[in-house]
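Structure file run_21.txt; described as compact mmCIF, C-alpha atoms.
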# COMPACT_ATOMS: atom_id res chain seq x y z
CA MET A 1 12.93 -9.28 -4.10
CA LYS A 2 12.92 -7.75 -0.62
CA LEU A 3 11.58 -9.29 2.59
CA ALA A 4 9.20 -7.43 4.91
CA PHE A 5 7.15 -8.40 7.94
CA SER A 6 3.64 -7.29 8.88
CA THR A 7 2.95 -5.60 12.20
CA ASN A 8 -0.39 -7.40 12.47
CA ALA A 9 1.51 -10.10 14.39
CA PHE A 10 2.65 -7.43 16.90
CA LYS A 11 -0.73 -6.20 18.13
CA LYS A 12 0.40 -6.58 21.76
CA TYR A 13 3.17 -4.07 21.12
CA SER A 14 3.31 -0.46 20.04
CA LEU A 15 3.85 0.26 16.37
CA GLU A 16 7.25 1.83 17.03
CA GLU A 17 8.37 -1.19 19.07
CA SER A 18 7.19 -3.47 16.29
CA ILE A 19 9.07 -1.57 13.58
CA LYS A 20 12.29 -1.58 15.62
CA THR A 21 12.08 -5.32 16.28
CA ILE A 22 11.39 -6.13 12.62
CA ALA A 23 14.28 -3.93 11.51
CA ASP A 24 16.66 -5.45 14.09
CA ILE A 25 15.94 -8.94 12.78
CA GLY A 26 17.11 -7.82 9.34
CA TYR A 27 13.99 -7.25 7.27
CA ASP A 28 14.19 -4.67 4.50
CA GLY A 29 10.60 -3.58 4.98
CA VAL A 30 7.63 -3.37 7.31
CA GLU A 31 3.94 -3.61 6.51
CA ILE A 32 1.94 -1.33 8.79
CA LEU A 33 -1.46 -2.36 10.11
CA CYS A 34 -3.96 0.45 9.47
CA ASP A 35 -6.21 -0.68 12.29
CA ILE A 36 -6.17 -0.65 16.06
CA PRO A 37 -3.84 -0.73 17.90
CA HIS A 38 -1.27 0.50 15.36
CA ALA A 39 -2.24 3.00 12.68
CA TYR A 40 -5.99 3.38 12.38
CA PRO A 41 -6.13 6.72 10.53
CA ASP A 42 -8.97 8.19 12.60
CA ASN A 43 -6.82 7.81 15.72
CA LEU A 44 -3.67 9.39 14.29
CA GLY A 45 -2.70 12.99 14.79
CA GLU A 46 0.17 14.69 13.00
CA LYS A 47 2.46 14.09 15.97
CA LYS A 48 1.88 10.32 15.81
CA ILE A 49 2.32 10.27 12.05
CA GLN A 50 5.64 12.06 12.43
CA SER A 51 6.65 9.55 15.09
CA ILE A 52 6.04 6.72 12.61
CA ILE A 53 8.00 8.52 9.89
CA ASP A 54 10.90 9.12 12.27
CA CYS A 55 10.88 5.52 13.48
CA VAL A 56 10.95 4.12 9.94
CA SER A 57 13.77 6.49 9.01
CA ASN A 58 15.84 5.83 12.16
CA CYS A 59 15.47 2.08 11.71
CA ASN A 60 16.63 2.35 8.09
CA ILE A 61 13.67 0.31 6.90
CA GLN A 62 11.08 0.86 4.18
CA ILE A 63 7.30 0.54 4.29
CA SER A 64 6.34 -2.37 2.05
CA ASN A 65 2.58 -1.85 2.25
CA LEU A 66 -0.21 -0.45 4.38
CA ASN A 67 -2.60 -3.19 5.47
CA ALA A 68 -6.07 -1.64 5.20
CA PHE A 69 -7.86 -5.01 5.17
CA THR A 70 -9.15 -5.46 8.72
CA LEU A 71 -11.46 -3.05 10.54
CA TYR A 72 -11.50 -4.04 14.20
CA ALA A 73 -11.65 -0.33 14.99
CA ILE A 74 -15.26 -0.43 13.79
CA THR A 75 -16.36 -4.09 13.84
CA ASP A 76 -14.10 -7.03 12.96
CA VAL A 77 -11.81 -8.57 10.34
CA TYR A 78 -14.14 -8.09 7.38
CA HIS A 79 -16.89 -5.70 8.42
CA PRO A 80 -17.93 -3.20 7.37
CA SER A 81 -17.12 -4.57 3.91
CA TRP A 82 -17.44 -3.17 0.40
CA ILE A 83 -20.60 -5.23 -0.16
CA GLU A 84 -22.76 -4.60 2.90
CA ASN A 85 -26.51 -4.32 2.31
CA GLU A 86 -26.63 -0.90 3.96
CA LYS A 87 -25.11 1.99 2.03
CA GLU A 88 -23.96 3.65 5.25
CA LEU A 89 -21.86 0.61 6.16
CA ARG A 90 -20.34 0.43 2.68
CA GLN A 91 -19.45 4.09 2.98
CA LEU A 92 -17.51 3.39 6.17
CA ARG A 93 -15.30 0.96 4.23
CA ILE A 94 -14.86 3.41 1.37
CA GLN A 95 -13.96 6.26 3.72
CA HIS A 96 -11.53 4.07 5.67
CA THR A 97 -9.75 3.21 2.43
CA ILE A 98 -9.60 6.86 1.42
CA ASN A 99 -8.20 7.76 4.85
CA CYS A 100 -5.55 5.05 4.40
CA ILE A 101 -4.67 6.47 0.98
CA HIS A 102 -4.02 9.87 2.51
CA LEU A 103 -1.98 8.21 5.27
CA ALA A 104 0.04 6.27 2.68
CA LYS A 105 0.89 9.53 0.95
CA LYS A 106 2.20 11.02 4.21
CA LEU A 107 4.18 7.87 5.06
CA LEU A 108 5.55 7.55 1.51
CA SER A 109 3.98 4.13 1.08
CA LYS A 110 3.30 3.38 -2.57
CA ASN A 111 0.44 0.95 -1.95
CA LEU A 112 -2.14 -0.44 0.45
CA SER A 113 -4.08 -3.70 0.46
CA THR A 114 -7.80 -4.23 0.98
CA GLU A 115 -10.31 -7.05 1.18
CA PRO A 116 -11.75 -8.46 -2.08
CA GLY A 117 -15.31 -7.27 -1.58
CA GLY A 118 -16.22 -9.07 1.59
CA PRO A 119 -17.43 -12.41 2.97
CA ILE A 120 -20.24 -14.29 1.24
CA ASP A 121 -21.99 -17.61 1.73
CA ARG A 122 -21.73 -19.44 -1.59
CA ASN A 123 -24.38 -21.91 -0.44
CA THR A 124 -27.03 -19.21 -0.45
CA ASN A 125 -28.65 -17.53 -3.41
CA ASN A 126 -26.36 -14.49 -3.65
CA ASN A 127 -26.56 -12.19 -6.64
CA ILE A 128 -22.84 -12.26 -7.34
CA HIS A 129 -23.06 -9.75 -10.16
CA GLU A 130 -24.81 -7.25 -7.92
CA LEU A 131 -22.22 -7.75 -5.19
CA GLU A 132 -19.41 -7.27 -7.71
CA LYS A 133 -21.06 -4.04 -8.84
CA LEU A 134 -21.21 -2.76 -5.26
CA PHE A 135 -17.54 -3.56 -4.84
CA LEU A 136 -16.62 -1.98 -8.16
CA ASP A 137 -18.57 1.21 -7.43
CA GLY A 138 -16.99 1.60 -4.01
CA LEU A 139 -13.53 0.80 -5.28
CA ASN A 140 -13.88 3.34 -8.09
CA SER A 141 -14.71 6.01 -5.50
CA ALA A 142 -11.55 5.24 -3.57
CA ALA A 143 -9.48 4.84 -6.74
CA ALA A 144 -10.24 8.41 -7.77
CA VAL A 145 -8.46 9.57 -4.61
CA ALA A 146 -5.69 7.00 -5.11
CA GLU A 147 -4.95 8.46 -8.52
CA GLU A 148 -4.63 11.95 -7.06
CA GLU A 149 -2.28 10.75 -4.33
CA ARG A 150 -0.40 8.29 -6.61
CA VAL A 151 -1.07 5.40 -4.23
CA THR A 152 -2.07 1.99 -5.56
CA ILE A 153 -4.96 0.02 -4.04
CA LEU A 154 -4.23 -3.70 -3.98
CA VAL A 155 -7.11 -6.17 -3.99
CA GLU A 156 -6.25 -9.30 -2.00
CA PRO A 157 -8.24 -12.43 -2.98
CA GLU A 158 -9.04 -14.64 0.00
CA PRO A 159 -10.92 -17.93 0.51
CA ASN A 160 -14.67 -17.54 1.14
CA LEU A 161 -14.74 -13.88 0.15
CA LEU A 162 -16.31 -12.37 -2.96
CA ILE A 163 -13.10 -12.79 -4.96
CA GLU A 164 -11.20 -15.85 -3.83
CA ASN A 165 -9.38 -17.16 -6.92
CA SER A 166 -7.49 -15.97 -9.97
CA LYS A 167 -10.36 -16.37 -12.43
CA GLN A 168 -12.65 -14.23 -10.30
CA PHE A 169 -9.92 -11.64 -9.89
CA LEU A 170 -9.26 -11.42 -13.63
CA ASN A 171 -12.97 -11.14 -14.41
CA PHE A 172 -13.25 -8.33 -11.88
CA ILE A 173 -10.10 -6.34 -12.62
CA ARG A 174 -10.96 -6.10 -16.31
CA ASN A 175 -13.90 -3.90 -15.32
CA VAL A 176 -11.70 -1.57 -13.28
CA SER A 177 -10.65 1.45 -15.28
CA SER A 178 -8.11 2.91 -12.86
CA PRO A 179 -4.42 1.96 -13.28
CA PHE A 180 -4.12 2.48 -9.52
CA VAL A 181 -5.96 -0.74 -8.67
CA LYS A 182 -3.79 -3.86 -8.79
CA LEU A 183 -3.18 -7.16 -6.97
CA ASN A 184 -1.81 -8.10 -3.58
CA PHE A 185 -0.75 -11.67 -4.39
CA ASP A 186 -1.23 -13.70 -1.23
CA ILE A 187 0.62 -16.94 -1.87
CA GLY A 188 -1.14 -18.86 0.88
CA HIS A 189 -4.62 -17.69 -0.11
CA PHE A 190 -4.27 -18.95 -3.67
CA TYR A 191 -2.84 -22.22 -2.35
CA CYS A 192 -5.86 -22.61 -0.06
CA VAL A 193 -8.27 -22.50 -3.03
CA ARG A 194 -6.18 -25.18 -4.75
CA GLU A 195 -4.44 -23.00 -7.29
CA ASP A 196 -0.74 -23.24 -8.11
CA PRO A 197 1.00 -20.04 -6.97
CA VAL A 198 3.96 -20.75 -9.25
CA LYS A 199 1.79 -20.76 -12.37
CA LEU A 200 -0.29 -17.81 -11.20
CA ILE A 201 2.74 -15.58 -10.73
CA ASN A 202 3.25 -15.69 -14.48
CA ASP A 203 -0.46 -15.52 -15.32
CA LEU A 204 -1.08 -12.49 -13.08
CA SER A 205 2.29 -10.77 -13.47
CA GLU A 206 0.89 -7.59 -15.04
CA TYR A 207 -1.20 -6.94 -11.92
CA ILE A 208 1.22 -7.95 -9.15
CA VAL A 209 2.55 -5.10 -7.01
CA HIS A 210 3.15 -6.85 -3.67
CA PHE A 211 3.16 -10.35 -2.17
CA HIS A 212 1.95 -11.74 1.15
CA LEU A 213 3.65 -14.91 2.37
CA ALA A 214 2.75 -17.56 4.93
CA ASP A 215 2.85 -21.33 4.77
CA ILE A 216 -0.26 -23.52 4.61
CA ALA A 217 -0.72 -27.15 5.65
CA ASP A 218 -1.33 -29.78 2.98
CA ASN A 219 -5.03 -29.88 3.91
CA ARG A 220 -5.26 -26.36 2.38
CA VAL A 221 -7.06 -24.97 5.44
CA HIS A 222 -6.64 -21.19 5.72
CA ASN A 223 -4.31 -21.06 8.73
CA HIS A 224 -1.07 -19.07 8.44
CA LEU A 225 1.98 -21.14 9.43
CA LEU A 226 5.66 -20.33 9.74
CA PRO A 227 7.38 -20.74 6.35
CA GLY A 228 8.75 -24.27 6.13
CA LYS A 229 6.11 -25.70 8.48
CA GLY A 230 3.51 -26.26 5.75
CA SER A 231 3.49 -27.68 2.26
CA ILE A 232 4.10 -24.71 -0.07
CA ASP A 233 7.19 -25.06 -2.27
CA PHE A 234 8.67 -21.60 -1.70
CA ARG A 235 11.82 -22.32 -3.70
CA SER A 236 9.69 -22.73 -6.81
CA VAL A 237 7.65 -19.66 -5.87
CA PHE A 238 10.78 -17.52 -5.56
CA LYS A 239 12.08 -18.82 -8.87
CA ALA A 240 8.80 -17.81 -10.51
CA MET A 241 9.22 -14.32 -9.03
CA ASP A 242 12.70 -14.14 -10.50
CA ASP A 243 11.39 -15.32 -13.86
CA ILE A 244 9.02 -12.34 -14.11
CA GLY A 245 11.68 -9.96 -12.84
CA TYR A 246 9.89 -9.10 -9.61
CA GLU A 247 12.00 -6.78 -7.45
CA GLY A 248 9.40 -5.56 -4.95
CA PHE A 249 8.48 -6.61 -1.43
CA VAL A 250 7.35 -9.98 -0.12
CA THR A 251 5.72 -9.39 3.25
CA VAL A 252 5.56 -12.25 5.73
CA GLU A 253 2.15 -12.21 7.41
CA LEU A 254 1.94 -14.30 10.59
CA TYR A 255 -0.84 -12.75 12.68
CA PRO A 256 -1.65 -16.05 14.48
CA TYR A 257 1.70 -15.75 16.29
CA GLN A 258 0.78 -12.77 18.47
CA ASP A 259 2.03 -14.43 21.67
CA ASN A 260 5.60 -14.44 20.33
CA PRO A 261 5.79 -12.36 17.16
CA ALA A 262 9.52 -11.62 17.41
CA TYR A 263 10.27 -15.34 17.46
CA ALA A 264 7.99 -15.93 14.47
CA ALA A 265 9.55 -13.06 12.55
CA GLU A 266 13.08 -14.28 13.25
CA MET A 267 12.35 -17.92 12.37
CA ALA A 268 10.63 -16.87 9.15
CA TYR A 269 13.53 -14.59 8.22
CA LYS A 270 16.18 -17.26 8.78
CA TYR A 271 14.27 -19.86 6.81
CA LEU A 272 13.44 -17.63 3.87
CA LYS A 273 16.96 -16.21 3.64
CA SER A 274 18.27 -19.78 3.46
CA ILE A 275 16.20 -20.62 0.36
CA ILE A 276 16.01 -17.34 -1.56
CA PRO A 277 17.95 -17.83 -4.80
Would you write the structure of this file as C-alpha cells?
Amino acid sequence: MKLAFSTNAFKKYSLEESIKTIADIGYDGVEILCDIPHAYPDNLGEKKIQSIIDCVSNCNIQISNLNAFTLYAITDVYHPSWIENEKELRQLRIQHTINCIHLAKKLLSKNLSTEPGGPIDRNTNNNIHELEKLFLDGLNSAAAVAEEERVTILVEPEPNLLIENSKQFLNFIRNVSSPFVKLNFDIGHFYCVREDPVKLINDLSEYIVHFHLADIADNRVHNHLLPGKGSIDFRSVFKAMDDIGYEGFVTVELYPYQDNPAYAAEMAYKYLKSIIP
C-alpha cells in the first residue's frame, strides 16, 4: 500500500507547487485534479502537460489517479453529469472523461475516477433503471476509448448520487462489459451510507483499483475530516487491505482544508504512517 494526496485541497496553489509540497511531505503519490485550476484538459497545451510530467519526475513521485469527478470548469461539482435530461449536457460529461483518458495516457496515469452517474432526489419518482441506462450508455462510450489507451475508469459511489452503496455498485458493474471500468473505493463514502468498509474491501476486492481516504464523524455526515479526527477504524481498514493483498495507492482526499492544505497533508501523513501495519 502506498500513500498519495489529492491536489483538490490545493486549489489556491498551482499544480506544480502542489505536487512539490506533497512530495516534500513524503507521499509516494499525487492525485491530480482534472478541473480548474489544475489540469482541466481543455485548458492544457503540450507545454503545460510537459511541465506536469517534468514536475512529477523531478519530485520523484508517482501519479496515483486522475480525479475527473468534478466539473467546475463547466458548472459545479456534479454537473454536467452522466444522467442529465439533455443529451448535449450528458455529452459534455462523456467528452470530458474521454479528454481525461487521453491526458492520463500522456501522464502515464493508469486510472481516473468519475462520479457514479450523478445526483438524484430519492424522494421523487425517478426512473432509476432509465437513469442507470443513461449512465451505462455514456460510460460504455468512454470505456471504448479507455480500452484503446489502456486507462481504467473508476466509478466512485457517493452518498445521494445514483450509485451510493455497494449493492447498487455491484448491480451496475455486472452490466458493464469493459474490463477497463472498475471501482474507486472511497472509504468515507461507504461509511457515510452505513456500510462497513472493512467487510466491503473483501466483498469488492475484484473491482478495487484505488482507494480514497478521509475520516468521517460518528454521525455519518458526508464531511471529510483529517484521519484520526472522526470515527473510522483505519487500523482495521488497513488490515483488510493487507488481507486481500492490495499494493496500490490510497489517496488522502481533504478538499475542505483549502485554507491550509499543506498542514492537512502533513498531519494526515504523520497519523497514517503511525498506524499502517
- [ ] Return the single residue from A:Ala68, A:Leu33, A:Ile19, A:Val198 that is closest to Val155 of chain A, with distances computed using only C-alpha atoms.
- [x] A:Ala68
Open item on the list: Counting all atoms listed in the file, which residue out of A:Lys2, A:Lys182, A:Lys48, A:Lys239 sits closest to Leu15 of chain A?
Closed with: A:Lys48
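Nearest to Glu46 of chain A of all the residues A:His222, A:Lys106, A:Arg150, A:Lys199 is A:Lys106, counting all atoms listed in the file.
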Task: For atom CA of Val250 of chain A and atom CA of Leu66 of chain A, the interatomic separation in Å (one decimal) - done: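 Atom-to-atom, atom CA of Val250 of chain A and atom CA of Leu66 of chain A are spaced 13.0 Å apart.
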Task: Point-to-point distance in Å for atom CA of Ile25 of chain A and atom CA of Cys192 of chain A - done: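 For atom CA of Cys192 of chain A relative to atom CA of Ile25 of chain A, the distance reads 28.8 Å.
Among the candidates A:Glu84, A:Glu158, A:Ile94, A:Phe169, the one nearest to Glu130 of chain A when counting only C-alpha atoms is A:Glu84.
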Task: Proximity to Thr251 of chain A - best of A:Val30, A:Leu272, A:Cys100, A:Val77, all atoms listed in the file - done: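 So, comparing all the options, the nearest one is A:Val30.
Going from atom CA of Ser141 of chain A to atom CA of Ser177 of chain A covers 11.5 Å.
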- [ ] List the neighbours of Leu226 of chain A out to 8 Å using all atoms listed in the file; skip same-chain residues closer than 6 positions along the sequence, and give me the result as number ranges by chain.
- [x] A: 214-215, 254, 264, 267-268
TODO: Would you please work out which residue, of A:Lys105, A:Lys87, A:Arg194, A:Lys167, is nearest to Glu148 of chain A when using all atoms listed in the file?
DONE: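 Looking at the shortest contact to Glu148 of chain A, the residue is A:Lys105.
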TODO: For Ile83 of chain A, work out the shell of residues within 6 Å, counting all atoms listed in the file and skipping chain neighbours fewer than 4 positions away, then give it as a ChimeraX atom specification.
DONE: /A:117,131,134-135
Task: Protein and nucleic acid residues near (-2.7, -1.0, 17.2) (cut-off 9 Å, all atoms listed in the file) as number ranges by chain - done: A: 7-8, 10-15, 33-40
N, CA and C atoms are needed for segment 187-208 of chain A; please write them out as a short mmCIF file (atom, residue, chain, number, x, y, z; two decimals), in the coordinates of the input.
data_model
loop_
_atom_site.label_atom_id
_atom_site.label_comp_id
_atom_site.auth_asym_id
_atom_site.auth_seq_id
_atom_site.Cartn_x
_atom_site.Cartn_y
_atom_site.Cartn_z
N ILE A 187 0.22 -15.60 -1.45
CA ILE A 187 0.62 -16.94 -1.87
C ILE A 187 -0.22 -18.01 -1.19
N GLY A 188 -0.39 -17.87 0.12
CA GLY A 188 -1.14 -18.86 0.88
C GLY A 188 -2.61 -18.90 0.52
N HIS A 189 -3.20 -17.73 0.25
CA HIS A 189 -4.62 -17.69 -0.11
C HIS A 189 -4.90 -18.45 -1.40
N PHE A 190 -4.07 -18.23 -2.41
CA PHE A 190 -4.27 -18.95 -3.67
C PHE A 190 -4.05 -20.45 -3.48
N TYR A 191 -3.09 -20.80 -2.64
CA TYR A 191 -2.84 -22.22 -2.35
C TYR A 191 -4.05 -22.85 -1.67
N CYS A 192 -4.69 -22.10 -0.77
CA CYS A 192 -5.86 -22.61 -0.06
C CYS A 192 -7.01 -22.97 -1.01
N VAL A 193 -7.18 -22.22 -2.09
CA VAL A 193 -8.27 -22.50 -3.03
C VAL A 193 -7.79 -23.41 -4.15
N ARG A 194 -6.71 -24.13 -3.88
CA ARG A 194 -6.18 -25.18 -4.75
C ARG A 194 -5.73 -24.67 -6.12
N GLU A 195 -5.11 -23.50 -6.10
CA GLU A 195 -4.44 -23.00 -7.29
C GLU A 195 -2.94 -23.08 -7.07
N ASP A 196 -2.19 -23.12 -8.16
CA ASP A 196 -0.74 -23.24 -8.11
C ASP A 196 -0.12 -21.85 -8.13
N PRO A 197 0.42 -21.38 -7.00
CA PRO A 197 1.00 -20.04 -6.97
C PRO A 197 2.09 -19.84 -8.01
N VAL A 198 2.87 -20.87 -8.28
CA VAL A 198 3.96 -20.75 -9.25
C VAL A 198 3.42 -20.38 -10.62
N LYS A 199 2.40 -21.06 -11.07
CA LYS A 199 1.79 -20.76 -12.37
C LYS A 199 1.13 -19.39 -12.36
N LEU A 200 0.46 -19.07 -11.26
CA LEU A 200 -0.29 -17.81 -11.20
C LEU A 200 0.62 -16.59 -11.23
N ILE A 201 1.82 -16.72 -10.71
CA ILE A 201 2.74 -15.58 -10.73
C ILE A 201 2.97 -15.12 -12.16
N ASN A 202 3.10 -16.05 -13.06
CA ASN A 202 3.25 -15.69 -14.48
C ASN A 202 1.93 -15.18 -15.05
N ASP A 203 0.84 -15.88 -14.75
CA ASP A 203 -0.46 -15.52 -15.32
C ASP A 203 -0.93 -14.14 -14.88
N LEU A 204 -0.58 -13.75 -13.65
CA LEU A 204 -1.08 -12.49 -13.08
C LEU A 204 0.01 -11.41 -13.00
N SER A 205 1.12 -11.64 -13.65
CA SER A 205 2.29 -10.77 -13.47
C SER A 205 2.01 -9.30 -13.76
N GLU A 206 1.13 -9.01 -14.70
CA GLU A 206 0.89 -7.59 -15.04
C GLU A 206 0.15 -6.84 -13.94
N TYR A 207 -0.44 -7.58 -12.99
CA TYR A 207 -1.20 -6.94 -11.92
C TYR A 207 -0.48 -6.95 -10.58
N ILE A 208 0.57 -7.75 -10.45
CA ILE A 208 1.22 -7.95 -9.15
C ILE A 208 2.05 -6.73 -8.76
#
